[in-house]
file query.cif (mmCIF, C-alpha atoms (C1' of nucleotides))
data_run
#
loop_
_atom_site.label_atom_id
_atom_site.label_comp_id
_atom_site.auth_asym_id
_atom_site.auth_seq_id
_atom_site.Cartn_x
_atom_site.Cartn_y
_atom_site.Cartn_z
CA MET A 1 82.23 -3.07 3.44
CA PRO A 2 82.36 -5.97 0.95
CA LEU A 3 84.87 -5.86 -1.86
CA ARG A 4 82.42 -7.40 -4.30
CA LYS A 5 79.14 -5.56 -4.63
CA SER A 6 75.95 -7.54 -4.50
CA SER A 7 73.69 -7.59 -7.55
CA GLU A 8 71.22 -5.43 -5.64
CA ASP A 9 73.84 -2.77 -5.05
CA LYS A 10 74.95 -2.88 -8.65
CA LEU A 11 71.36 -2.40 -9.76
CA LEU A 12 70.80 0.50 -7.37
CA ASP A 13 74.00 2.11 -8.59
CA ALA A 14 72.86 1.76 -12.18
CA VAL A 15 69.53 3.39 -11.33
CA ASP A 16 71.36 6.31 -9.74
CA GLU A 17 73.57 6.77 -12.75
CA LEU A 18 71.04 6.21 -15.51
CA VAL A 19 67.43 6.63 -14.41
CA PHE A 20 67.88 9.76 -12.33
CA THR A 21 69.65 11.60 -15.13
CA ARG A 22 67.92 10.22 -18.22
CA GLY A 23 64.45 9.86 -16.71
CA ILE A 24 62.32 7.03 -15.42
CA GLU A 25 60.11 6.43 -18.42
CA THR A 26 62.83 6.96 -21.00
CA THR A 27 65.24 4.52 -19.37
CA PRO A 28 64.32 0.92 -20.21
CA VAL A 29 65.09 -1.83 -17.77
CA ASP A 30 67.49 -3.29 -20.31
CA ALA A 31 69.72 -0.23 -20.05
CA VAL A 32 69.83 -0.61 -16.27
CA LEU A 33 70.64 -4.30 -16.62
CA ALA A 34 73.43 -3.64 -19.09
CA ARG A 35 74.96 -0.97 -16.85
CA ALA A 36 74.71 -3.18 -13.79
CA GLY A 37 76.00 -6.20 -15.67
CA VAL A 38 73.26 -8.51 -14.45
CA SER A 39 70.36 -10.20 -16.16
CA ALA A 40 66.66 -9.54 -16.02
CA ALA A 41 65.97 -12.61 -13.91
CA THR A 42 68.34 -11.34 -11.25
CA LEU A 43 66.57 -8.01 -11.09
CA TYR A 44 63.15 -9.56 -10.57
CA ARG A 45 64.59 -11.91 -7.97
CA GLY A 46 65.53 -8.96 -5.76
CA PHE A 47 62.74 -6.52 -6.63
CA ARG A 48 59.08 -6.93 -7.43
CA SER A 49 59.14 -4.55 -10.39
CA LYS A 50 60.99 -1.72 -12.07
CA GLU A 51 59.07 0.69 -9.88
CA ALA A 52 60.05 -1.14 -6.70
CA LEU A 53 63.69 -0.98 -7.79
CA ILE A 54 63.42 2.75 -8.36
CA GLY A 55 61.65 3.22 -5.05
CA ALA A 56 64.49 1.41 -3.28
CA ALA A 57 67.04 3.56 -5.11
CA LEU A 58 65.18 6.69 -4.02
CA GLU A 59 65.23 5.54 -0.41
CA ARG A 60 68.95 4.87 -0.50
CA ARG A 61 69.50 8.22 -2.19
CA HIS A 62 67.47 10.02 0.45
CA GLY A 63 69.70 8.59 3.16
CA ARG A 64 72.81 9.73 1.33
CA TRP A 65 71.41 13.21 0.83
CA ARG A 66 70.62 13.47 4.53
CA GLN A 67 74.19 12.54 5.31
CA VAL A 68 75.65 15.13 2.95
CA TRP A 69 73.31 17.78 4.29
CA ASP A 70 74.07 16.94 7.93
CA ASP A 71 77.77 17.22 7.21
CA ALA A 72 77.33 20.63 5.60
CA VAL A 73 75.30 21.85 8.58
CA ASP A 74 77.99 20.59 10.96
CA ARG A 75 80.65 22.51 9.06
CA ALA A 76 78.71 25.82 9.26
CA ALA A 77 79.98 28.45 11.69
CA ASP A 78 76.73 29.96 12.97
CA ASP A 79 72.96 29.58 12.86
CA ARG A 80 72.55 31.76 9.80
CA LEU A 81 75.05 29.67 7.85
CA ARG A 82 73.51 26.47 9.16
CA LEU A 83 70.21 27.40 7.52
CA LEU A 84 72.01 28.28 4.29
CA ALA A 85 74.10 25.09 4.40
CA VAL A 86 71.47 23.31 2.33
CA PHE A 87 72.96 25.01 -0.73
CA ASP A 88 76.47 23.87 0.14
CA ALA A 89 75.06 20.38 0.52
CA LEU A 90 73.44 20.64 -2.90
CA ASP A 91 76.75 21.49 -4.55
CA ASP A 92 78.48 18.69 -2.66
CA PHE A 93 75.82 16.21 -3.71
CA ALA A 94 75.68 17.36 -7.32
CA GLY A 95 79.41 16.87 -7.61
CA ARG A 96 79.22 13.17 -6.77
CA PRO A 97 79.28 10.51 -9.48
CA ASP A 98 75.65 9.71 -8.69
CA GLY A 99 74.67 13.39 -8.65
CA ALA A 100 71.78 13.70 -11.08
CA ARG A 101 70.81 16.30 -13.68
CA TRP A 102 68.56 18.15 -11.24
CA CYS A 103 66.66 16.27 -8.50
CA ALA A 104 65.65 12.63 -8.52
CA PHE A 105 62.64 13.26 -6.27
CA LEU A 106 61.20 16.23 -8.12
CA GLY A 107 62.02 14.42 -11.34
CA ALA A 108 59.96 11.41 -10.33
CA ALA A 109 57.10 13.68 -9.28
CA ALA A 110 57.31 15.48 -12.61
CA GLU A 111 57.22 12.30 -14.66
CA LEU A 112 54.58 10.40 -12.75
CA ALA A 113 51.34 12.26 -12.14
CA ASP A 114 50.20 9.56 -9.74
CA PRO A 115 53.19 7.43 -8.86
CA PRO A 116 52.99 3.87 -7.49
CA ALA A 117 53.12 3.56 -3.72
CA GLU A 118 56.82 2.66 -3.51
CA ILE A 119 57.79 5.85 -5.28
CA ALA A 120 55.11 8.11 -3.80
CA ASP A 121 56.30 7.23 -0.29
CA ALA A 122 59.87 8.21 -1.08
CA LEU A 123 58.72 11.53 -2.52
CA VAL A 124 56.62 12.44 0.50
CA ARG A 125 59.42 11.44 2.85
CA ASP A 126 61.88 13.72 1.04
CA THR A 127 59.69 16.82 1.13
CA GLU A 128 58.62 16.22 4.74
CA HIS A 129 62.20 15.80 5.83
CA MET A 130 63.34 18.93 4.01
CA ARG A 131 60.54 21.00 5.47
CA ARG A 132 61.05 19.70 9.00
CA THR A 133 64.81 20.17 8.95
CA LEU A 134 64.61 23.69 7.53
CA ARG A 135 62.06 24.62 10.19
CA ASP A 136 64.31 23.35 12.94
CA LEU A 137 67.22 25.35 11.57
CA ALA A 138 65.14 28.49 11.06
CA ALA A 139 63.76 28.26 14.59
CA ARG A 140 67.24 28.97 15.96
CA LEU A 141 67.24 32.40 14.30
CA PRO A 142 65.69 35.53 15.86
CA CYS A 143 62.84 36.09 13.42
CA ASP A 144 59.07 36.47 13.73
CA ASP A 145 57.95 33.52 11.67
CA PRO A 146 60.58 30.78 11.28
CA ASP A 147 58.17 28.43 9.50
CA ASP A 148 57.59 31.11 6.92
CA LEU A 149 61.31 31.58 6.44
CA ALA A 150 61.83 27.83 6.14
CA GLU A 151 59.14 27.61 3.47
CA ALA A 152 60.80 30.43 1.56
CA VAL A 153 64.16 28.67 1.67
CA LEU A 154 62.52 25.45 0.47
CA LEU A 155 61.02 27.32 -2.45
CA VAL A 156 64.33 28.94 -3.36
CA PHE A 157 66.09 25.60 -3.05
CA SER A 158 63.51 24.03 -5.38
CA GLY A 159 63.99 26.93 -7.75
CA GLU A 160 67.73 26.40 -7.77
CA LEU A 161 67.04 22.80 -8.79
CA ALA A 162 64.50 23.78 -11.44
CA MET A 163 66.95 26.26 -12.99
CA ARG A 164 69.12 23.27 -13.83
CA LEU A 165 66.43 22.30 -16.34
CA ARG A 166 66.54 25.66 -18.10
CA ASP A 167 70.25 25.84 -18.86
CA ALA A 168 71.92 22.54 -19.61
CA ARG A 169 75.40 23.40 -18.41
CA PRO A 170 76.57 22.51 -14.88
CA ARG A 171 75.72 25.09 -12.29
CA ARG A 172 76.61 26.02 -8.73
CA SER A 173 74.04 27.17 -6.22
CA THR A 174 75.36 30.70 -5.85
CA THR A 175 72.22 32.50 -7.03
CA GLY A 176 69.92 30.49 -4.78
CA ARG A 177 72.25 30.86 -1.86
CA ARG A 178 72.50 34.61 -2.30
CA ILE A 179 68.71 34.95 -2.53
CA ALA A 180 68.21 32.88 0.60
CA GLY A 181 70.81 34.98 2.40
CA THR A 182 68.90 38.14 1.53
CA LEU A 183 65.69 36.57 2.83
CA VAL A 184 67.28 35.51 6.08
CA ASP A 185 68.74 38.96 6.63
CA ALA A 186 65.41 40.63 5.90
CA ALA A 187 63.58 38.28 8.30
CA VAL A 188 66.09 38.83 11.09
CA ALA A 189 66.23 42.59 10.53
CA GLY A 190 62.43 42.85 10.60
CA HIS A 191 62.28 41.14 13.98
CA MET B 1 36.79 32.34 -35.25
CA PRO B 2 35.29 29.14 -36.72
CA LEU B 3 32.42 27.50 -34.90
CA ARG B 4 33.73 24.04 -35.67
CA LYS B 5 37.27 23.39 -34.53
CA SER B 6 39.66 21.79 -36.93
CA SER B 7 41.12 18.39 -36.12
CA GLU B 8 44.46 20.07 -35.53
CA ASP B 9 42.97 22.36 -32.91
CA LYS B 10 41.16 19.51 -31.23
CA LEU B 11 44.42 17.58 -31.03
CA LEU B 12 46.33 20.55 -29.63
CA ASP B 13 43.59 21.06 -27.05
CA ALA B 14 43.83 17.42 -26.04
CA VAL B 15 47.59 17.71 -25.63
CA ASP B 16 47.12 20.74 -23.38
CA GLU B 17 44.59 18.95 -21.23
CA LEU B 18 46.21 15.53 -21.04
CA VAL B 19 49.90 15.51 -21.88
CA PHE B 20 50.90 18.59 -19.91
CA THR B 21 49.27 17.33 -16.73
CA ARG B 22 49.82 13.57 -16.99
CA GLY B 23 53.24 13.70 -18.63
CA ILE B 24 54.57 13.16 -22.13
CA GLU B 25 55.84 9.61 -21.80
CA THR B 26 52.97 8.39 -19.68
CA THR B 27 50.29 9.70 -22.03
CA PRO B 28 49.86 7.38 -25.00
CA VAL B 29 48.77 8.78 -28.33
CA ASP B 30 45.57 6.78 -28.05
CA ALA B 31 44.51 8.82 -25.03
CA VAL B 32 45.05 12.04 -26.96
CA LEU B 33 43.09 10.66 -29.91
CA ALA B 34 40.20 9.59 -27.69
CA ARG B 35 40.08 13.01 -26.01
CA ALA B 36 40.23 14.83 -29.33
CA GLY B 37 37.71 12.49 -30.92
CA VAL B 38 39.80 11.86 -34.01
CA SER B 39 41.63 8.85 -35.33
CA ALA B 40 45.31 8.04 -35.55
CA ALA B 41 45.42 8.57 -39.30
CA THR B 42 44.15 12.11 -38.86
CA LEU B 43 46.86 12.90 -36.37
CA TYR B 44 49.64 11.70 -38.62
CA ARG B 45 48.15 13.60 -41.55
CA GLY B 46 48.59 16.87 -39.69
CA PHE B 47 51.78 16.15 -37.74
CA ARG B 48 54.89 14.15 -38.48
CA SER B 49 54.97 12.43 -35.11
CA LYS B 50 53.79 12.56 -31.53
CA GLU B 51 56.76 14.76 -30.73
CA ALA B 52 55.93 17.20 -33.51
CA LEU B 53 52.39 17.43 -32.17
CA ILE B 54 53.67 18.18 -28.70
CA GLY B 55 56.13 20.71 -30.05
CA ALA B 56 53.31 22.50 -31.84
CA ALA B 57 51.23 22.45 -28.66
CA LEU B 58 54.15 23.96 -26.75
CA GLU B 59 54.48 26.75 -29.31
CA ARG B 60 50.79 27.59 -29.11
CA ARG B 61 50.99 27.47 -25.33
CA HIS B 62 53.96 29.80 -25.27
CA GLY B 63 51.99 32.38 -27.24
CA ARG B 64 49.08 32.14 -24.83
CA TRP B 65 51.37 32.49 -21.84
CA ARG B 66 52.92 35.62 -23.33
CA GLN B 67 49.46 37.07 -23.78
CA VAL B 68 48.43 36.37 -20.19
CA TRP B 69 51.70 37.77 -18.88
CA ASP B 70 51.47 40.92 -21.03
CA ASP B 71 47.96 41.53 -19.74
CA ALA B 72 49.11 41.19 -16.13
CA VAL B 73 51.97 43.62 -16.74
CA ASP B 74 49.56 46.09 -18.31
CA ARG B 75 47.31 45.92 -15.26
CA ALA B 76 50.16 46.68 -12.85
CA ALA B 77 50.30 50.15 -11.29
CA ASP B 78 54.03 50.81 -11.16
CA ASP B 79 57.40 49.41 -12.21
CA ARG B 80 57.84 47.35 -9.05
CA LEU B 81 54.47 45.69 -9.58
CA ARG B 82 55.18 45.24 -13.26
CA LEU B 83 58.20 43.09 -12.41
CA LEU B 84 56.14 41.12 -9.89
CA ALA B 85 53.24 40.72 -12.32
CA VAL B 86 54.72 37.45 -13.55
CA PHE B 87 53.25 35.82 -10.43
CA ASP B 88 49.80 37.26 -11.11
CA ALA B 89 50.11 35.92 -14.63
CA LEU B 90 51.00 32.51 -13.26
CA ASP B 91 47.86 32.39 -11.14
CA ASP B 92 45.78 33.57 -14.08
CA PHE B 93 47.26 30.95 -16.35
CA ALA B 94 47.04 28.12 -13.82
CA GLY B 95 43.35 28.85 -13.37
CA ARG B 96 42.56 28.23 -17.04
CA PRO B 97 41.12 24.91 -18.21
CA ASP B 98 44.41 24.19 -19.97
CA GLY B 99 46.47 25.20 -16.94
CA ALA B 100 48.76 22.30 -16.21
CA ARG B 101 49.96 20.65 -13.01
CA TRP B 102 53.12 22.76 -12.90
CA CYS B 103 54.84 23.90 -16.10
CA ALA B 104 54.64 22.29 -19.50
CA PHE B 105 58.08 23.54 -20.51
CA LEU B 106 59.97 22.53 -17.38
CA GLY B 107 57.99 19.30 -17.43
CA ALA B 108 59.17 18.47 -20.93
CA ALA B 109 62.74 19.32 -19.95
CA ALA B 110 62.43 17.11 -16.89
CA GLU B 111 61.12 14.14 -18.84
CA LEU B 112 63.36 14.31 -21.86
CA ALA B 113 67.09 14.50 -21.14
CA ASP B 114 67.77 15.30 -24.78
CA PRO B 115 64.52 16.25 -26.43
CA PRO B 116 63.89 16.11 -30.20
CA ALA B 117 64.43 19.37 -32.06
CA GLU B 118 60.75 20.38 -32.19
CA ILE B 119 60.48 20.26 -28.42
CA ALA B 120 63.97 21.54 -27.61
CA ASP B 121 63.32 24.68 -29.63
CA ALA B 122 60.14 25.45 -27.72
CA LEU B 123 61.95 25.00 -24.41
CA VAL B 124 64.79 27.34 -25.32
CA ARG B 125 62.36 29.93 -26.64
CA ASP B 126 60.41 29.91 -23.37
CA THR B 127 63.41 30.42 -21.11
CA GLU B 128 64.96 33.06 -23.39
CA HIS B 129 61.73 34.97 -23.52
CA MET B 130 61.25 34.84 -19.76
CA ARG B 131 64.79 35.99 -19.11
CA ARG B 132 64.64 38.80 -21.67
CA THR B 133 61.28 40.09 -20.48
CA LEU B 134 62.25 40.03 -16.82
CA ARG B 135 65.46 41.91 -17.62
CA ASP B 136 63.53 44.59 -19.48
CA LEU B 137 61.16 44.99 -16.54
CA ALA B 138 63.95 45.01 -13.96
CA ALA B 139 65.88 47.62 -15.95
CA ARG B 140 63.15 50.13 -15.20
CA LEU B 141 63.87 49.92 -11.47
CA PRO B 142 66.60 51.91 -9.69
CA CYS B 143 68.92 49.09 -8.72
CA ASP B 144 72.61 48.35 -9.27
CA ASP B 145 72.30 45.12 -11.23
CA PRO B 146 68.95 44.63 -12.96
CA ASP B 147 70.11 41.47 -14.76
CA ASP B 148 70.95 39.98 -11.41
CA LEU B 149 67.54 40.88 -10.04
CA ALA B 150 65.84 39.44 -13.12
CA GLU B 151 67.74 36.18 -12.71
CA ALA B 152 66.68 36.00 -9.08
CA VAL B 153 63.03 36.52 -10.00
CA LEU B 154 63.30 33.81 -12.65
CA LEU B 155 64.71 31.44 -10.06
CA VAL B 156 61.95 32.23 -7.57
CA PHE B 157 59.35 31.86 -10.32
CA SER B 158 60.78 28.45 -11.21
CA GLY B 159 60.74 27.55 -7.54
CA GLU B 160 57.10 28.50 -7.25
CA LEU B 161 56.44 26.11 -10.13
CA ALA B 162 58.56 23.33 -8.65
CA MET B 163 56.75 23.61 -5.31
CA ARG B 164 53.63 22.46 -7.13
CA LEU B 165 55.32 19.08 -7.47
CA ARG B 166 55.92 18.76 -3.74
CA ASP B 167 52.38 19.28 -2.50
CA ALA B 168 49.66 17.97 -4.76
CA ARG B 169 46.91 20.42 -3.83
CA PRO B 170 46.28 23.57 -5.88
CA ARG B 171 48.39 26.52 -4.87
CA ARG B 172 48.56 30.25 -5.41
CA SER B 173 51.81 32.09 -5.97
CA THR B 174 51.75 34.07 -2.73
CA THR B 175 54.98 32.68 -1.30
CA GLY B 176 56.95 33.24 -4.49
CA ARG B 177 55.48 36.68 -4.93
CA ARG B 178 56.33 37.70 -1.38
CA ILE B 179 59.90 36.45 -1.76
CA ALA B 180 60.35 38.31 -5.02
CA GLY B 181 58.95 41.45 -3.42
CA THR B 182 61.52 41.21 -0.65
CA LEU B 183 64.29 40.81 -3.22
CA VAL B 184 63.14 43.81 -5.23
CA ASP B 185 62.95 45.96 -2.12
CA ALA B 186 66.41 44.88 -1.01
CA ALA B 187 67.87 45.59 -4.47
CA VAL B 188 66.28 49.03 -4.67
CA ALA B 189 67.21 49.91 -1.09
CA GLY B 190 70.83 48.88 -1.65
CA HIS B 191 71.13 51.21 -4.62
"C1'" DG C 1 40.05 14.20 -44.93
"C1'" DT C 2 38.58 10.71 -41.89
"C1'" DC C 3 37.86 6.09 -40.48
"C1'" DT C 4 39.09 0.70 -39.50
"C1'" DA C 5 42.40 -2.44 -39.27
"C1'" DT C 6 46.90 -3.72 -38.79
"C1'" DA C 7 51.97 -3.90 -38.93
"C1'" DC C 8 56.06 -3.42 -36.38
"C1'" DG C 9 59.02 -2.39 -32.71
"C1'" DT C 10 59.92 -2.20 -27.88
"C1'" DG C 11 59.39 -2.84 -23.04
"C1'" DG C 12 58.36 -5.32 -18.73
"C1'" DA C 13 58.27 -9.59 -16.75
"C1'" DT C 14 58.64 -14.91 -16.43
"C1'" DA C 15 60.05 -20.04 -17.34
"C1'" DG C 16 63.31 -23.32 -17.05
"C1'" DA C 17 68.18 -24.84 -17.44
"C1'" DC C 18 72.60 -24.76 -15.02
"C1'" DG D 1 71.51 -17.20 -7.58
"C1'" DT D 2 72.43 -16.24 -12.27
"C1'" DC D 3 71.89 -16.90 -17.12
"C1'" DT D 4 69.27 -17.68 -21.97
"C1'" DA D 5 65.29 -17.62 -24.20
"C1'" DT D 6 60.78 -16.22 -24.59
"C1'" DC D 7 56.07 -14.54 -23.71
"C1'" DC D 8 52.78 -11.06 -23.77
"C1'" DA D 9 51.08 -6.33 -23.66
"C1'" DC D 10 51.32 -1.90 -25.32
"C1'" DG D 11 52.55 2.04 -28.09
"C1'" DT D 12 53.67 4.43 -32.44
"C1'" DA D 13 52.88 4.74 -36.95
"C1'" DT D 14 50.99 3.20 -41.65
"C1'" DA D 15 47.95 0.96 -45.36
"C1'" DG D 16 43.89 0.95 -47.68
"C1'" DA D 17 38.84 1.66 -47.88
"C1'" DC D 18 35.16 5.20 -47.97
#
call {"tool": "encode", "arguments": {"input": "query.cif", "output": "C-alpha cells"}}
result
Amino acid sequence: MPLRKSSEDKLLDAVDELVFTRGIETTPVDAVLARAGVSAATLYRGFRSKEALIGAALERRHGRWRQVWDDAVDRAADDRLRLLAVFDALDDFAGRPDGARWCAFLGAAAELADPPAEIADALVRDTEHMRRTLRDLAARLPCDDPDDLAEAVLLVFSGELAMRLRDARPRRSTTGRRIAGTLVDAAVAGH
Amino acid sequence: MPLRKSSEDKLLDAVDELVFTRGIETTPVDAVLARAGVSAATLYRGFRSKEALIGAALERRHGRWRQVWDDAVDRAADDRLRLLAVFDALDDFAGRPDGARWCAFLGAAAELADPPAEIADALVRDTEHMRRTLRDLAARLPCDDPDDLAEAVLLVFSGELAMRLRDARPRRSTTGRRIAGTLVDAAVAGH
DNA sequence: GTCTATACGTGGATAGAC
DNA sequence: GTCTATCCACGTATAGAC
C-alpha cells in the first residue's frame, strides 16, 4: 500500500469520479488529466488510448464490485437473504466516493453502440459474472427453476439501476429489493 | 397526409433511426443529414441546434409511444391485463422501424448528466406520464397500495429495457411481463 | 428554402525538452 | 517519467450564392 499513488492509479481514480458519472463521450481527456493532476503525455505513456484507460478503469471497478458483493453475501443470514444481498451490495457500492450515477457498465453499453474491444470485454465480463453468481445463489433455494429466478433478479437489479436515471435524487434499493423478495417467495412457495 | 415529406420530418425520421440506436454523442450531425438527404443549412433553418432537433424528435416519439401504449391497453381483456399491457406495447413499439436499441429517453438520460432544457423536458414528461398512467391502471385493481404496485411495474419495465443493453440480440418482454404478473397477483392476493 | 463552402472551436494524441 | 507545446482530425454551426 504505497503512500504516494502512481500516475496510473490517479488516472483510474479520475475516470471513476468523472467519466462514470458524467459520461464517456461528454468527458474530455483534459478533464480527466486535470482531476488526476497529470499531463497528457503521462496518460498515453501508461495507456494506448482514452478507451484503453476506460477499459482498465472498468476492470478495476468490476473487481471492487465483486468484493463489495461478496462481503454482502457473507453477511447474509440465510440462502434467501444471500440471493437478495445483491441489493445491499448496490447500496454499499453507491455510497462510496467512486459510486457512480447509475452503473458504469450499463452506462458504457448505453453510450457506445459497438464499443471498442477493451470496453466490450469488460461489459461482457460484468454481465456474465452477475448471471453466474445469481444462478449459484438461486440454486441453493428450493424452487423449480433457479436459472429463471436468477434471471428475474438480474432484471429487477438492472431496473433498480435504470430508475436512477428517471429521478435525479439519490435512491436506496428498497423497491427493487422488495420486488425481488416477492419473486423469491413466490418461486419457493410454488415449488 | 402529404406525399412528400418536409425536410423537418425527414430530419426527425433520421434522428429516430440513427441517434436513438447509435447514441446522441456518437452520431454526428453529418450522419443525420446524409440519412435525411438534406444539408446542414436546412437543419439549422428549422431547428436552433442539434439538441433542439433531438428534443423535437423525443417529443414526437413520446406521442407515438403513448399511442401504441393506449392501443395495447384498449386491446386488453381485463384490468389485470390492462396494467400489464405496457409490455405488449413495448414489443409493438420495438418492432417498428424506428424502434430503438433500448429506450431513447433513458438513453438520453444516460448519456447526458445534465441535459439541455429541450431534452430534459422531454425526459421528465416521459417518466411523469409513465408513472401517472401506471397509477391510474393500478388503481382499478383491488390491492392495498396501487401507487406502490405502479412503481414496481415501472421498475420492472425499466429493467426490461436495461436488459437490452446486456445482451445484444433482439428480445421480447416475456421475462418482465411474467415478473410483473407475479407482482400483481401477489398484491391482489394480499389484499 | 436549399445547396456549397467554410469558419471556428474542441478533442485526442504526439514530439521533443528536461 | 513527466512536462510544454503543438499537430491534426472532426464536429457544430454559419455565410453567401442560387
call {"tool": "interface_residues", "arguments": {"input": "query.cif", "of": "chain B", "to": "chain C", "cutoff": "9 Å", "atoms": "all atoms listed in the file", "output": "list in words"}}
result
Val38, Ser39, Ala41, Thr42 and Arg45 of chain B
call {"tool": "interface_residues", "arguments": {"input": "query.cif", "of": "chain A", "to": "chain B", "cutoff": "10 Å", "atoms": "all atoms listed in the file", "output": "count of residues only"}}
result
54
call {"tool": "interface_residues", "arguments": {"input": "query.cif", "of": "chain B", "to": "chain D", "cutoff": "12 Å", "atoms": "all atoms listed in the file", "output": "list of chain:residue names"}}
result
B:Glu25, B:Thr26, B:Thr27, B:Pro28, B:Val29, B:Asp30, B:Ala31, B:Ala40, B:Ala41, B:Thr42, B:Leu43, B:Tyr44, B:Arg45, B:Phe47, B:Arg48, B:Ser49, B:Lys50, B:Glu51
call {"tool": "resolve_selection", "arguments": {"input": "query.cif", "expression": "the PyMOL selection byres ((chain A and resi 135) around 8)", "output": "number ranges by chain"}}
result
A: 131-134, 136-139, 146-147, 149-151
call {"tool": "write_last_selection", "arguments": {"input": "query.cif", "atoms": "C-alpha atoms", "output": "PDB file, in the coordinates of the input"}}
result
ATOM      1  CA  ARG A 131      60.540  21.000   5.470  1.00  0.00           C
ATOM      2  CA  ARG A 132      61.050  19.700   9.000  1.00  0.00           C
ATOM      3  CA  THR A 133      64.810  20.170   8.950  1.00  0.00           C
ATOM      4  CA  LEU A 134      64.610  23.690   7.530  1.00  0.00           C
ATOM      5  CA  ASP A 136      64.310  23.350  12.940  1.00  0.00           C
ATOM      6  CA  LEU A 137      67.220  25.350  11.570  1.00  0.00           C
ATOM      7  CA  ALA A 138      65.140  28.490  11.060  1.00  0.00           C
ATOM      8  CA  ALA A 139      63.760  28.260  14.590  1.00  0.00           C
ATOM      9  CA  PRO A 146      60.580  30.780  11.280  1.00  0.00           C
ATOM     10  CA  ASP A 147      58.170  28.430   9.500  1.00  0.00           C
ATOM     11  CA  LEU A 149      61.310  31.580   6.440  1.00  0.00           C
ATOM     12  CA  ALA A 150      61.830  27.830   6.140  1.00  0.00           C
ATOM     13  CA  GLU A 151      59.140  27.610   3.470  1.00  0.00           C
TER      14      GLU A 151
END
call {"tool": "atom_distance", "arguments": {"input": "query.cif", "atom1": "CA of Ala72 in chain A", "atom2": "CA of Lys5 in chain A"}}
result
28.2 Å
call {"tool": "atom_distance", "arguments": {"input": "query.cif", "atom1": "CA of Lys10 in chain B", "atom2": "CA of Gly37 in chain B"}}
result
7.8 Å
call {"tool": "resolve_selection", "arguments": {"input": "query.cif", "expression": "the PyMOL selection byres ((chain B and resi 68) around 10)", "output": "list in words"}}
result
His62, Gly63, Arg64, Trp65, Arg66, Gln67, Trp69, Asp70, Asp71, Ala72, Val73, Asp74, Val86, Asp88, Ala89, Leu90, Asp91, Asp92 and Phe93 of chain B
call {"tool": "atom_distance", "arguments": {"input": "query.cif", "atom1": "CA of Arg96 in chain A", "atom2": "CA of Glu8 in chain A"}}
result
20.3 Å
call {"tool": "axis_aligned_box", "arguments": {"input": "query.cif", "around": "range 44-62 of chain A", "padding_each_side": "8 Å", "output": "JSON"}}
result
{"center_x": 64.3, "center_y": -0.9, "center_z": -5.8, "size_x": 26.4, "size_y": 37.9, "size_z": 28.5}
call {"tool": "resolve_selection", "arguments": {"input": "query.cif", "expression": "the PyMOL selection byres ((chain A and resi 14) around 9)", "output": "PyMOL selection string"}}
result
chain A and resi 9-13+15-19+31-36
call {"tool": "write_last_selection", "arguments": {"input": "query.cif", "atoms": "C-alpha atoms", "output": "PDB file, in the frame of the given file"}}
result
ATOM      1  CA  ASP A   9      73.840  -2.770  -5.050  1.00  0.00           C
ATOM      2  CA  LYS A  10      74.950  -2.880  -8.650  1.00  0.00           C
ATOM      3  CA  LEU A  11      71.360  -2.400  -9.760  1.00  0.00           C
ATOM      4  CA  LEU A  12      70.800   0.500  -7.370  1.00  0.00           C
ATOM      5  CA  ASP A  13      74.000   2.110  -8.590  1.00  0.00           C
ATOM      6  CA  VAL A  15      69.530   3.390 -11.330  1.00  0.00           C
ATOM      7  CA  ASP A  16      71.360   6.310  -9.740  1.00  0.00           C
ATOM      8  CA  GLU A  17      73.570   6.770 -12.750  1.00  0.00           C
ATOM      9  CA  LEU A  18      71.040   6.210 -15.510  1.00  0.00           C
ATOM     10  CA  VAL A  19      67.430   6.630 -14.410  1.00  0.00           C
ATOM     11  CA  ALA A  31      69.720  -0.230 -20.050  1.00  0.00           C
ATOM     12  CA  VAL A  32      69.830  -0.610 -16.270  1.00  0.00           C
ATOM     13  CA  LEU A  33      70.640  -4.300 -16.620  1.00  0.00           C
ATOM     14  CA  ALA A  34      73.430  -3.640 -19.090  1.00  0.00           C
ATOM     15  CA  ARG A  35      74.960  -0.970 -16.850  1.00  0.00           C
ATOM     16  CA  ALA A  36      74.710  -3.180 -13.790  1.00  0.00           C
TER      17      ALA A  36
END
call {"tool": "residues_around", "arguments": {"input": "query.cif", "residues": "His191 in chain B", "least_positions_apart": "6", "cutoff": "9 Å", "atoms": "only C-alpha atoms (C1' of nucleotides)", "output": "ChimeraX atom specification"}}
result
/B:142-144
call {"tool": "decode", "arguments": {"input": "query.cif", "residues": "range 4-18 of chain C", "atoms": "C-alpha atoms (C1' of nucleotides)", "output": "PDB file, in the first residue's frame"}}
result
ATOM      1  C1'  DT C   4     -21.721  24.587 -51.401  1.00  0.00           C
ATOM      2  C1'  DA C   5     -18.170  26.118 -48.975  1.00  0.00           C
ATOM      3  C1'  DT C   6     -16.140  27.423 -44.935  1.00  0.00           C
ATOM      4  C1'  DA C   7     -15.226  29.253 -40.295  1.00  0.00           C
ATOM      5  C1'  DC C   8     -14.377  28.147 -35.653  1.00  0.00           C
ATOM      6  C1'  DG C   9     -13.914  25.528 -31.629  1.00  0.00           C
ATOM      7  C1'  DT C  10     -12.656  21.336 -29.389  1.00  0.00           C
ATOM      8  C1'  DG C  11     -10.826  16.834 -28.669  1.00  0.00           C
ATOM      9  C1'  DG C  12      -7.472  13.036 -28.986  1.00  0.00           C
ATOM     10  C1'  DA C  13      -2.891  12.070 -29.497  1.00  0.00           C
ATOM     11  C1'  DT C  14       2.312  13.013 -30.276  1.00  0.00           C
ATOM     12  C1'  DA C  15       7.154  15.378 -30.399  1.00  0.00           C
ATOM     13  C1'  DG C  16      10.856  16.863 -28.022  1.00  0.00           C
ATOM     14  C1'  DA C  17      12.936  19.134 -23.945  1.00  0.00           C
ATOM     15  C1'  DC C  18      14.187  18.349 -19.125  1.00  0.00           C
TER      16       DC C  18
END
